Structures are given as structure tokens and as C-alpha cells.
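Have a look at structure.csv below; it lists CSV, C-alpha atoms and all ligand atoms.
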chain,number,residue,atom,x,y,z
A,1,MET,CA,9.1,-4.6,-21.1
A,2,VAL,CA,8.6,-0.9,-20.5
A,3,THR,CA,8.0,0.8,-17.2
A,4,LYS,CA,4.3,0.8,-16.3
A,5,LEU,CA,2.1,3.7,-15.4
A,6,TYR,CA,0.5,3.7,-11.9
A,7,PRO,CA,-3.4,3.7,-11.9
A,8,TRP,CA,-3.6,7.3,-10.7
A,9,GLN,CA,-1.5,8.6,-13.6
A,10,LYS,CA,-3.9,7.4,-16.4
A,11,ASN,CA,-5.8,10.7,-16.5
A,12,VAL,CA,-2.7,12.9,-17.1
A,13,TRP,CA,-1.3,10.4,-19.5
A,14,GLN,CA,-4.5,10.4,-21.6
A,15,GLN,CA,-4.3,14.1,-21.9
A,16,TRP,CA,-0.7,13.9,-22.9
A,17,GLN,CA,-1.6,11.4,-25.6
A,18,GLN,CA,-4.1,13.8,-27.0
A,19,LEU,CA,-1.4,16.4,-27.2
A,20,ILE,CA,1.0,14.0,-28.9
A,21,VAL,CA,-1.5,12.9,-31.5
A,22,ASN,CA,-2.2,16.5,-32.4
A,23,ASP,CA,1.5,17.4,-32.3
A,24,ARG,CA,0.7,20.0,-29.6
A,25,LEU,CA,2.8,18.8,-26.7
A,26,PRO,CA,4.6,21.9,-25.3
A,27,HIS,CA,8.3,21.8,-25.7
A,28,ALA,CA,8.7,22.2,-21.9
A,29,ILE,CA,6.6,20.5,-19.3
A,30,LEU,CA,6.8,21.1,-15.6
A,31,CYS,CA,5.5,18.1,-13.6
A,32,ALA,CA,4.6,19.8,-10.2
A,33,MET,CA,4.2,16.5,-8.4
A,34,PRO,CA,5.6,15.3,-5.1
A,35,ASP,CA,8.1,12.5,-5.2
A,36,GLY,CA,5.9,9.8,-3.6
A,37,THR,CA,3.5,9.9,-6.5
A,38,GLY,CA,5.8,7.9,-8.8
A,39,ARG,CA,6.4,10.9,-11.1
A,40,ASP,CA,9.6,9.2,-12.4
A,41,ALA,CA,7.5,6.4,-13.9
A,42,LEU,CA,5.2,8.9,-15.7
A,43,VAL,CA,8.1,10.7,-17.2
A,44,GLN,CA,9.9,7.5,-18.1
A,45,TYR,CA,6.7,6.4,-19.9
A,46,LEU,CA,6.6,9.7,-21.8
A,47,SER,CA,10.3,9.3,-22.8
A,48,ASN,CA,9.6,5.7,-23.9
A,49,THR,CA,6.7,6.9,-26.1
A,50,LEU,CA,8.4,9.9,-27.6
A,51,LEU,CA,11.6,8.1,-28.4
A,52,CYS,CA,10.0,4.8,-29.6
A,53,LEU,CA,10.7,4.2,-33.2
A,54,THR,CA,7.1,3.5,-33.9
A,55,GLN,CA,6.3,7.1,-33.1
A,56,GLY,CA,2.8,6.3,-31.7
A,57,ILE,CA,1.1,7.3,-28.5
A,58,GLU,CA,2.3,4.3,-26.5
A,59,PRO,CA,5.8,2.7,-26.4
A,60,CYS,CA,5.9,-0.5,-28.4
A,61,GLY,CA,8.2,-2.1,-25.9
A,62,PHE,CA,10.2,-4.1,-28.5
A,63,CYS,CA,12.2,-1.7,-30.7
A,64,HIS,CA,15.9,-0.9,-30.1
A,65,SER,CA,15.0,2.5,-28.8
A,66,CYS,CA,12.5,1.1,-26.2
A,67,ASP,CA,15.3,-1.3,-25.0
A,68,LEU,CA,17.8,1.5,-24.7
A,69,VAL,CA,15.4,3.8,-22.7
A,70,GLU,CA,14.6,1.0,-20.3
A,71,SER,CA,18.2,0.1,-19.7
A,72,GLY,CA,19.0,3.8,-19.1
A,73,ASN,CA,21.4,3.9,-22.1
A,74,HIS,CA,19.4,5.9,-24.8
A,75,PRO,CA,21.8,8.5,-26.3
A,76,ASP,CA,18.9,10.9,-26.8
A,77,LEU,CA,17.5,10.8,-23.3
A,78,HIS,CA,19.4,12.8,-20.6
A,79,TRP,CA,18.2,12.6,-17.1
A,80,ILE,CA,19.8,15.4,-15.0
A,81,ARG,CA,20.1,14.9,-11.3
A,82,PRO,CA,22.3,16.5,-8.6
A,83,GLU,CA,25.8,14.9,-8.9
A,84,ILE,CA,25.7,14.3,-5.1
A,85,GLU,CA,22.3,13.3,-3.7
A,86,GLY,CA,20.6,16.2,-1.9
A,87,LYS,CA,23.0,18.8,-3.4
A,88,SER,CA,22.4,21.3,-6.2
A,89,ILE,CA,22.3,20.9,-10.0
A,90,SER,CA,25.2,23.0,-11.2
A,91,VAL,CA,25.4,25.5,-14.0
A,92,ASP,CA,27.9,23.2,-15.8
A,93,GLN,CA,25.3,20.4,-15.8
A,94,ILE,CA,22.8,22.7,-17.4
A,95,ARG,CA,25.3,24.0,-19.9
A,96,GLN,CA,25.9,20.4,-20.9
A,97,CYS,CA,22.1,20.0,-21.3
A,98,ASN,CA,22.0,23.1,-23.5
A,99,SER,CA,24.5,21.6,-25.9
A,100,TRP,CA,22.7,18.2,-26.0
A,101,ALA,CA,19.5,20.2,-26.8
A,102,LEU,CA,21.2,21.6,-29.9
A,103,GLU,CA,22.7,18.3,-31.1
A,104,SER,CA,20.8,16.2,-33.7
A,105,SER,CA,19.2,13.1,-32.5
A,106,GLN,CA,21.0,9.7,-32.8
A,107,PHE,CA,17.9,7.9,-33.8
A,108,ASN,CA,16.3,10.5,-36.1
A,109,ALA,CA,13.5,11.2,-33.6
A,110,LYS,CA,13.2,13.4,-30.6
A,111,ARG,CA,15.7,14.3,-27.9
A,112,MET,CA,14.6,14.4,-24.3
A,113,ILE,CA,16.0,16.2,-21.3
A,114,VAL,CA,14.6,15.6,-17.8
A,115,ILE,CA,15.7,17.7,-14.8
A,116,GLU,CA,14.9,16.3,-11.4
A,117,PRO,CA,14.4,17.9,-9.0
A,118,ALA,CA,14.3,21.1,-10.8
A,119,GLU,CA,14.2,23.2,-7.6
A,120,LYS,CA,17.8,22.0,-7.0
A,121,MET,CA,19.1,24.1,-9.9
A,122,THR,CA,21.3,26.9,-8.6
A,123,GLU,CA,20.2,30.4,-9.7
A,124,SER,CA,22.9,30.5,-12.4
A,125,ALA,CA,21.9,27.0,-13.6
A,126,ALA,CA,18.3,28.1,-13.9
A,127,ASN,CA,19.3,31.2,-15.8
A,128,ALA,CA,21.4,29.1,-18.2
A,129,LEU,CA,18.4,26.9,-18.8
A,130,LEU,CA,16.1,29.9,-19.3
A,131,LYS,CA,18.0,30.9,-22.4
A,132,THR,CA,17.4,27.5,-24.0
A,133,LEU,CA,13.7,27.4,-23.0
A,134,GLU,CA,13.2,30.9,-24.6
A,135,ALA,CA,14.5,29.7,-28.0
A,136,PRO,CA,13.6,26.0,-27.9
A,137,PRO,CA,15.5,23.8,-30.3
A,138,LYS,CA,13.4,21.7,-32.7
A,139,ASN,CA,12.4,18.2,-31.6
A,140,CYS,CA,13.8,18.6,-28.1
A,141,GLN,CA,11.5,17.8,-25.2
A,142,PHE,CA,12.2,19.3,-21.8
A,143,VAL,CA,10.6,17.9,-18.6
A,144,LEU,CA,11.1,19.5,-15.2
A,145,LEU,CA,10.2,17.7,-12.1
A,146,ALA,CA,9.4,19.7,-8.9
A,147,GLU,CA,7.4,19.4,-5.8
A,148,SER,CA,5.7,22.8,-6.4
A,149,PRO,CA,6.0,25.3,-9.2
A,150,HIS,CA,6.6,28.0,-6.6
A,151,HIS,CA,10.0,26.6,-5.8
A,152,LEU,CA,11.2,27.7,-9.3
A,153,LEU,CA,12.1,31.0,-10.7
A,154,PRO,CA,8.9,32.7,-12.1
A,155,THR,CA,10.7,33.1,-15.5
A,156,ILE,CA,11.3,29.3,-15.7
A,157,ARG,CA,7.8,28.6,-14.6
A,158,SER,CA,6.2,30.8,-17.2
A,159,ARG,CA,8.1,29.0,-20.0
A,160,CYS,CA,6.7,25.6,-19.0
A,161,GLN,CA,3.3,24.1,-19.1
A,162,VAL,CA,2.5,23.1,-15.6
A,163,TRP,CA,0.9,19.7,-14.8
A,164,TYR,CA,-0.3,18.5,-11.4
A,165,GLN,CA,-1.0,15.1,-10.1
A,166,PRO,CA,-4.7,14.9,-9.4
A,167,GLU,CA,-5.6,14.1,-5.8
A,168,ILE,CA,-5.2,10.4,-5.0
A,169,SER,CA,-7.8,8.9,-2.7
A,170,GLY,CA,-7.2,6.6,0.2
A,171,GLU,CA,-9.3,3.9,-1.5
A,172,VAL,CA,-7.1,4.0,-4.6
A,173,ILE,CA,-4.0,3.6,-2.5
A,174,GLU,CA,-5.5,0.8,-0.4
A,175,GLN,CA,-6.6,-1.1,-3.5
A,176,TRP,CA,-3.3,-0.6,-5.3
A,177,LEU,CA,-1.2,-1.9,-2.4
A,178,GLY,CA,-3.6,-4.7,-1.8
A,179,GLU,CA,-3.4,-5.9,-5.4
A,180,THR,CA,0.3,-5.4,-6.1
A,181,GLU,CA,2.0,-6.0,-2.8
A,182,LYS,CA,-0.7,-7.9,-0.9
A,183,LEU,CA,-0.5,-5.3,1.8
A,184,LYS,CA,-3.3,-4.3,4.0
A,185,VAL,CA,-2.7,-0.7,4.9
A,186,SER,CA,-4.3,1.4,7.6
A,187,LYS,CA,-6.0,4.8,7.1
A,188,GLN,CA,-3.4,6.3,9.6
A,189,SER,CA,-0.5,5.2,7.4
A,190,ILE,CA,-2.1,6.9,4.4
A,191,THR,CA,-2.7,10.2,6.2
A,192,LEU,CA,0.7,10.0,7.9
A,193,ASN,CA,2.3,9.7,4.4
A,194,GLY,CA,0.4,12.6,2.9
A,195,TYR,CA,-1.7,10.4,0.5
A,196,LEU,CA,1.5,9.6,-1.4
A,197,PRO,CA,1.2,5.9,-2.6
A,198,LEU,CA,4.9,5.2,-2.9
A,199,ALA,CA,5.6,6.7,0.5
A,200,VAL,CA,2.9,4.5,2.0
A,201,LYS,CA,4.5,1.5,0.4
A,202,SER,CA,7.9,2.4,1.7
A,203,PHE,CA,6.4,2.9,5.2
A,204,TYR,CA,5.5,-0.8,5.3
A,205,GLN,CA,8.4,-2.2,3.4
A,206,ASP,CA,11.3,-0.2,4.7
A,207,LYS,CA,10.6,-0.7,8.5
A,208,LYS,CA,9.3,2.8,8.9
A,209,GLN,CA,6.2,1.5,10.7
A,210,SER,CA,8.3,0.3,13.6
A,211,ALA,CA,10.4,3.5,13.6
A,212,HIS,CA,7.2,5.5,13.8
A,213,GLN,CA,6.0,3.5,16.8
A,214,LEU,CA,9.3,3.8,18.5
A,215,LEU,CA,9.3,7.6,18.1
A,216,LEU,CA,5.8,7.8,19.5
A,217,SER,CA,6.6,5.6,22.5
A,218,SER,CA,9.9,7.4,23.3
A,219,PHE,CA,8.1,10.8,23.1
A,220,ASP,CA,5.4,9.4,25.4
A,221,ASN,CA,8.0,8.1,27.9
A,222,CYS,CA,9.8,11.5,27.7
A,223,VAL,CA,6.6,13.3,28.7
A,224,LYS,CA,6.0,10.7,31.5
A,225,SER,CA,9.5,11.4,32.9
A,226,SER,CA,8.7,15.2,32.9
A,227,PHE,CA,11.2,15.6,30.1
A,228,CYS,CA,14.1,14.0,31.9
A,229,TYR,CA,14.7,11.2,29.3
A,230,THR,CA,15.1,13.2,26.1
A,231,SER,CA,17.9,11.2,24.5
A,232,ASP,CA,15.8,8.4,23.0
A,233,VAL,CA,13.5,11.0,21.3
A,234,VAL,CA,16.5,12.9,20.0
A,235,LYS,CA,18.2,9.7,18.8
A,236,SER,CA,15.1,8.6,16.9
A,237,LEU,CA,14.6,12.1,15.3
A,238,ILE,CA,18.2,12.3,14.1
A,239,LYS,CA,18.0,8.9,12.6
A,240,LEU,CA,14.7,9.6,10.8
A,241,GLU,CA,15.7,13.0,9.5
A,242,ASP,CA,12.9,15.1,8.2
A,243,GLU,CA,10.3,12.3,8.3
A,244,GLY,CA,10.6,12.0,12.1
A,245,LEU,CA,10.1,15.8,12.5
A,246,CYS,CA,7.1,15.6,10.3
A,247,TRP,CA,5.6,12.8,12.3
A,248,LEU,CA,6.2,14.6,15.6
A,249,SER,CA,4.6,17.7,14.2
A,250,TYR,CA,1.5,15.7,13.2
A,251,LEU,CA,1.4,14.2,16.7
A,252,LEU,CA,1.5,17.7,18.3
A,253,SER,CA,-1.2,18.9,16.0
A,254,ASP,CA,-3.4,15.9,16.9
A,255,ILE,CA,-2.8,16.5,20.6
A,256,HIS,CA,-3.8,20.1,20.1
A,257,LYS,CA,-6.9,19.2,18.2
A,258,ARG,CA,-7.9,16.9,21.0
A,259,GLN,CA,-7.4,19.7,23.5
A,260,LEU,CA,-9.7,21.9,21.5
A,261,GLY,CA,-12.3,19.2,21.3
A,262,ILE,CA,-11.8,18.4,17.6
A,263,MET,CA,-12.2,14.6,17.5
A,264,THR,CA,-12.0,14.0,13.8
A,265,THR,CA,-9.3,14.7,11.2
A,266,TRP,CA,-6.5,13.4,13.3
A,267,VAL,CA,-3.5,12.0,11.4
A,268,HIS,CA,-2.9,9.5,14.2
A,269,CYS,CA,-6.4,8.1,14.2
A,270,ASP,CA,-5.1,4.7,15.5
A,271,GLU,CA,-3.3,6.3,18.5
A,272,LYS,CA,-6.4,7.4,20.4
A,273,GLU,CA,-5.2,6.3,23.8
A,274,THR,CA,-1.7,8.0,23.5
A,275,ILE,CA,-3.2,11.2,22.2
A,276,GLU,CA,-5.8,11.3,25.1
A,277,ARG,CA,-3.1,10.8,27.6
A,278,LEU,CA,-0.7,13.4,26.2
A,279,ALA,CA,-3.6,15.9,25.8
A,280,VAL,CA,-4.0,16.0,29.6
A,281,SER,CA,-0.3,15.7,30.5
A,282,ILE,CA,0.8,18.9,28.6
A,283,SER,CA,-0.9,22.3,28.7
A,284,VAL,CA,-2.8,23.6,25.7
A,285,ASP,CA,-0.5,26.7,25.4
A,286,THR,CA,2.7,24.6,25.6
A,287,VAL,CA,1.5,22.1,22.9
A,288,TYR,CA,0.6,25.0,20.6
A,289,LYS,CA,3.8,26.9,21.2
A,290,GLN,CA,6.0,23.8,20.8
A,291,TYR,CA,4.1,22.8,17.6
A,292,LEU,CA,5.0,26.2,16.1
A,293,SER,CA,8.6,26.1,17.2
A,294,LEU,CA,9.0,22.6,15.9
A,295,ASN,CA,7.9,23.6,12.5
A,296,THR,CA,10.3,26.5,12.5
A,297,LEU,CA,13.1,24.3,13.6
A,298,ARG,CA,12.2,21.8,10.9
A,299,GLN,CA,12.6,24.5,8.3
A,300,GLN,CA,15.9,25.6,9.7
A,301,ILE,CA,17.3,22.1,9.7
A,302,ASN,CA,16.2,21.5,6.1
A,303,VAL,CA,17.8,24.7,4.9
A,304,HIS,CA,21.0,24.8,6.8
A,305,SER,CA,22.8,21.4,6.7
A,306,GLY,CA,25.6,22.3,9.2
A,307,LEU,CA,23.4,22.8,12.3
A,308,ASN,CA,23.9,20.9,15.5
A,309,LYS,CA,20.7,18.9,15.4
A,310,GLU,CA,21.3,17.1,18.7
A,311,LEU,CA,21.6,20.3,20.6
A,312,LEU,CA,18.7,22.0,18.9
A,313,LEU,CA,16.3,19.1,19.4
A,314,THR,CA,17.3,18.6,23.1
A,315,GLN,CA,16.7,22.4,23.6
A,316,TRP,CA,13.4,22.1,22.0
A,317,LEU,CA,12.4,19.2,24.3
A,318,PHE,CA,13.5,21.2,27.4
A,319,GLU,CA,11.2,24.0,26.3
A,320,PHE,CA,8.3,21.8,27.2
A,321,ILE,CA,9.1,22.2,30.9
A,322,GLY,CA,8.4,26.0,30.5
A,323,GLU,CA,9.5,28.9,32.5
B,1,ZN,ZN,9.5,1.1,-29.3

For the file at hand, write its structure as C-alpha cells.
Amino acid sequence: MVTKLYPWQKNVWQQWQQLIVNDRLPHAILCAMPDGTGRDALVQYLSNTLLCLTQGIEPCGFCHSCDLVESGNHPDLHWIRPEIEGKSISVDQIRQCNSWALESSQFNAKRMIVIEPAEKMTESAANALLKTLEAPPKNCQFVLLAESPHHLLPTIRSRCQVWYQPEISGEVIEQWLGETEKLKVSKQSITLNGYLPLAVKSFYQDKKQSAHQLLLSSFDNCVKSSFCYTSDVVKSLIKLEDEGLCWLSYLLSDIHKRQLGIMTTWVHCDEKETIERLAVSISVDTVYKQYLSLNTLRQQINVHSGLNKELLLTQWLFEFIGE
């Protein structure tokens, strides 16, 4: 058995197959696709195909090479990730890649090097990779995975062919989760998770749905108490990390839209009552100001890991009270 493609990946895959048939697959591909699209599966499928001993445009699923790819033990497939989750990909890891790229294949076929997430390469790591991409070794396929090509050095970007995930509709996500997981998903959960199918799945299966409700109700209670009870909101936000800040930012944006009389395009389309109530409890100016400062704070927290989040978030909540 080989990893399967997701329904929304068929289009990109068919184009790659054309390139493989015509022997025109570029030696370096940049998949500029968010994590929740299942980009790993797409690249795994490509690895399977390129390394399969049948050398066709689909993996056979039965040969020794296919088995090794699937079990993660293929000697010609190198998947480079940060050694510690969330940290950088070091120059030493890339130097190791460069030497693999020059080795000959163990199976007399291609070698494949995948870098994920490519934006985690340090500048010196990226420069070390650049040298190899400029003079690509024969039969070595590079794949870089990144949220956006703009997070990479322009010199790296220009050496790769960039591929994007075509937009995935809400209907496709609903249908996929209905068929494969027997889940009935709401429109709100799809917008809340940025139309990323795997994020929607995790929202239902990893208890995030209740965490989201808890965050909303603790924010609501905090507003009711004139921002006396901030600790539950702060606790929720620290536990949820970036996702919680993202949800709260959507909530403020929805409240602001309501205040401006924009009644559609809310992310929280199932929370009408809460939004209506909050829209009259907080002033228009405060909502807008706090929305902007939350987004700035979110960026700071994501870039600098050593910040005192509890203090910063409590301060942010107190700013609702105003001067
Ligand atoms: Zn095979």
C-alpha cells in the first residue's frame, strides 16, 4: 500500500505526471502550500513514483523500493526537518544533503531530497543549498515545502519551479470529511480553519472545537465583568498558542464587521448572538484598535519565543478598558 493522494491534489499531480512522462520535471520544485493541505502526502506520492522500480507515472505499490519509501527507510529518500520541532534547519543538515545529492543511487534510480519546512533553513543553510541548486547533480530531485515562496531567499526561489495548491472549496472539504471520517462539518469550522481540510479534520478530532467554544465564552465573560476576569482568557490563549490568537483575531474582526453593518463574510457565522452582544458592549474604536494590536502581538509572540505571554496578553486585555 502506498500513501494516497487527497482529492484536491489530483490536478497538480496530473500536471506532474505529464512532466515525468516527458522527462521535464524540474530538478527543484517548491511546493508553496500551507501545512493543512496534506502537502506531505503529495510529496510522498511523488517520491514513491520517482523511486519505484517500475519507473512509471504511478507507484506500483509492490516493489522493494515502494515498500522502503512507505516504511520511511528508503536509502535514496532524505526528508530534512528541523532536529527539534519548531527550530531551524541547520547548515550542517544542508551540508549532509549536499553530499547525499552527489552520491550515486542505491537502487540505480533517482535520489530525492525533501526539505520541510524550507523557511526554517538558517541563512547559511539556505546559502549552502543554493550552491547545489545552481549546479544540480544528475538524477537528484529536490523538493522544498513552504507556506509561501516569499518566506525564502529570492535566490533560492528563483532556482525552483513554484507550485501552489489550487483553492479548495468548502463543498470539497465537506464531502471529503463526510465520506472518509463520517463527519458533518459546519461552514464556520471551515472558514475558521482557513479552508485547510486537514486543519478542519483536526478541529473535530483533536478536541479543538470545545477549546474554541471555551475561548469564546471566557472572552464573553471577561467583557461582561468589564475586564475584571482576564485569567481564563489568558489561560486559554496560552494553551492554544497561535491558533487561539488567530481565533480571537477573527472574533474581533467579526465584531467590527457587525459594528460597521457588514452582515455577511463573518468567520463566526454560527455565533450570531455572541457577536451581536459584543458589538454593543465594546466601542467601535476600541474593537478596531484592539484588533490591530492583537495582530501585532501575535506576530511578536511568533517571532520571539522568550516573551512573557501571560503578562503581554493580560496587558492587552486591560487595554480594552481604555484611558
Ligand atoms: Zn514500486

Next item on the list: Check the smallest atom-to-atom distance from each of A:Met121, A:Val233, A:Leu51, A:Leu215 to Ala109 of chain A using only C-alpha atoms, then report the winner.
Entry: A:Leu51

Notebook entry, point to check: Skipping near chain neighbours, those fewer than 3 positions away, what residues fall within 6 Å of segment 274-278 of chain A using all atoms listed in the file, listed as an MDAnalysis selection string?
Noted result: chainID A and resid 255 271 281

Notebook entry, point to check: Hey, can you check how far atom CA of Leu192 of chain A sits from atom CA of Leu307 of chain A?
Noted result: 26.4 Å

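Straight-line separation from atom CA of Gln290 of chain A to atom CA of Lys224 of chain A: 16.9 Å.
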
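The smallest atom-to-atom distance between Pro154 of chain A and any of A:Leu214, A:Leu130, A:Leu240, A:Leu53, using all atoms listed in the file, is found for A:Leu130.
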
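Among all protein and nucleic acid residues, the ones that lie within 6 Å of ligand ZN 1 (chain B) when counting only C-alpha atoms and all ligand atoms are Cys52, Leu53, Thr54, Pro59, Cys60, Gly61, Phe62, Cys63, Ser65 and Cys66 of chain A.
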
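Going from atom CA of Val91 of chain A over to atom CA of Val303 of chain A, you cover 20.4 Å.
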
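Distances here use all atoms listed in the file; by that measure, the residue among A:Asp220, A:Asp285, A:Phe107, A:Asn193 closest to Glu243 of chain A is A:Asn193.
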
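Proximity of A:Glu116, A:Glu171, A:Asp76, A:Asp92 to Asp40 of chain A, computed with all atoms listed in the file, is greatest for A:Glu116.
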
Set out as a tab-separated table a contact list for segment 163-191 of chain A and segment 131-148 of chain A with a cut-off of 12 Å, giving each residue of segment 163-191 of chain A that qualifies its closest atom pair and distance in Å to one decimal, counting all atoms listed in the file, ordered by chain and rising residue number.
residue	atom	partner	partner_atom	distance
A:Trp163	CA	A:Leu145	CA	9.9
A:Tyr164	CA	A:Ser148	CA	8.9
A:Gln165	CA	A:Glu147	CA	10.4

Could you turn the residues from that selection into a file that holds C-alpha atoms, as a PDB file, keeping the file's coordinate frame?
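This went into again-v3.pdb:
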ATOM      1  CA  TRP A 163       0.900  19.700 -14.800  1.00  0.00           C
ATOM      2  CA  TYR A 164      -0.300  18.500 -11.400  1.00  0.00           C
ATOM      3  CA  GLN A 165      -1.000  15.100 -10.100  1.00  0.00           C
TER       4      GLN A 165
END

Margin query: I'd like to know which of A:Thr264, A:Thr230, A:Leu42, A:Cys160 is closest to Lys10 of chain A, using all atoms listed in the file.
Written below: A:Leu42

Mind writing segment 49-59 of chain A to a file for me, with all heavy atoms, as a CSV table (one decimal), in the first residue's frame?
chain,number,residue,atom,x,y,z
A,49,THR,N,6.6,7.5,-6.6
A,49,THR,CA,6.6,7.3,-8.1
A,49,THR,C,8.0,7.4,-8.7
A,49,THR,O,8.4,6.5,-9.5
A,49,THR,CB,5.7,8.4,-8.7
A,49,THR,OG1,4.5,8.4,-8.1
A,49,THR,CG2,5.6,8.3,-10.2
A,50,LEU,N,8.8,8.4,-8.2
A,50,LEU,CA,10.1,8.6,-8.8
A,50,LEU,C,11.1,7.5,-8.4
A,50,LEU,O,12.0,7.1,-9.2
A,50,LEU,CB,10.7,9.9,-8.4
A,50,LEU,CG,10.0,11.2,-8.9
A,50,LEU,CD1,10.7,12.4,-8.5
A,50,LEU,CD2,9.9,11.2,-10.5
A,51,LEU,N,10.9,6.9,-7.2
A,51,LEU,CA,11.8,5.9,-6.7
A,51,LEU,C,11.3,4.5,-7.1
A,51,LEU,O,12.1,3.5,-7.0
A,51,LEU,CB,12.1,6.0,-5.2
A,51,LEU,CG,12.7,7.4,-4.8
A,51,LEU,CD1,12.7,7.5,-3.3
A,51,LEU,CD2,14.1,7.6,-5.4
A,52,CYS,N,10.1,4.3,-7.5
A,52,CYS,CA,9.5,3.0,-7.8
A,52,CYS,C,10.3,2.3,-8.9
A,52,CYS,O,10.7,3.0,-9.9
A,52,CYS,CB,8.1,3.1,-8.2
A,52,CYS,SG,7.4,1.6,-8.8
A,53,LEU,N,10.6,1.1,-8.7
A,53,LEU,CA,11.5,0.4,-9.7
A,53,LEU,C,10.8,0.2,-11.1
A,53,LEU,O,11.5,0.0,-12.1
A,53,LEU,CB,11.9,-1.0,-9.2
A,53,LEU,CG,12.7,-1.0,-7.9
A,53,LEU,CD1,12.9,-2.4,-7.3
A,53,LEU,CD2,14.0,-0.2,-8.1
A,54,THR,N,9.5,0.4,-11.2
A,54,THR,CA,8.8,0.3,-12.5
A,54,THR,C,9.1,1.5,-13.3
A,54,THR,O,8.8,1.5,-14.5
A,54,THR,CB,7.3,0.1,-12.3
A,54,THR,OG1,6.8,1.2,-11.6
A,54,THR,CG2,7.0,-1.2,-11.6
A,55,GLN,N,9.5,2.7,-12.6
A,55,GLN,CA,9.8,3.9,-13.3
A,55,GLN,C,8.6,4.4,-14.2
A,55,GLN,O,8.8,4.9,-15.3
A,55,GLN,CB,11.0,3.8,-14.2
A,55,GLN,CG,12.3,3.6,-13.4
A,55,GLN,CD,12.7,4.9,-12.7
A,55,GLN,OE1,13.1,5.9,-13.3
A,55,GLN,NE2,12.5,5.0,-11.4
A,56,GLY,N,7.4,4.3,-13.7
A,56,GLY,CA,6.2,4.7,-14.4
A,56,GLY,C,5.8,6.1,-13.9
A,56,GLY,O,6.6,6.8,-13.4
A,57,ILE,N,4.5,6.4,-14.1
A,57,ILE,CA,3.9,7.7,-13.6
A,57,ILE,C,3.0,7.5,-12.4
A,57,ILE,O,2.4,8.4,-12.0
A,57,ILE,CB,3.2,8.5,-14.7
A,57,ILE,CG1,2.1,7.6,-15.4
A,57,ILE,CG2,4.2,9.0,-15.8
A,57,ILE,CD1,1.2,8.4,-16.2
A,58,GLU,N,3.0,6.3,-11.9
A,58,GLU,CA,2.3,6.0,-10.6
A,58,GLU,C,3.2,5.0,-9.9
A,58,GLU,O,3.9,4.2,-10.5
A,58,GLU,CB,1.0,5.3,-10.8
A,58,GLU,CG,-0.1,6.0,-11.6
A,58,GLU,CD,-0.8,7.0,-10.7
A,58,GLU,OE1,-0.7,6.9,-9.4
A,58,GLU,OE2,-1.6,7.8,-11.2
A,59,PRO,N,3.2,5.0,-8.5
A,59,PRO,CA,4.0,3.9,-7.8
A,59,PRO,C,3.3,2.6,-8.0
A,59,PRO,O,2.0,2.6,-8.0
A,59,PRO,CB,4.0,4.4,-6.4
A,59,PRO,CG,2.9,5.4,-6.3
A,59,PRO,CD,2.6,5.9,-7.6
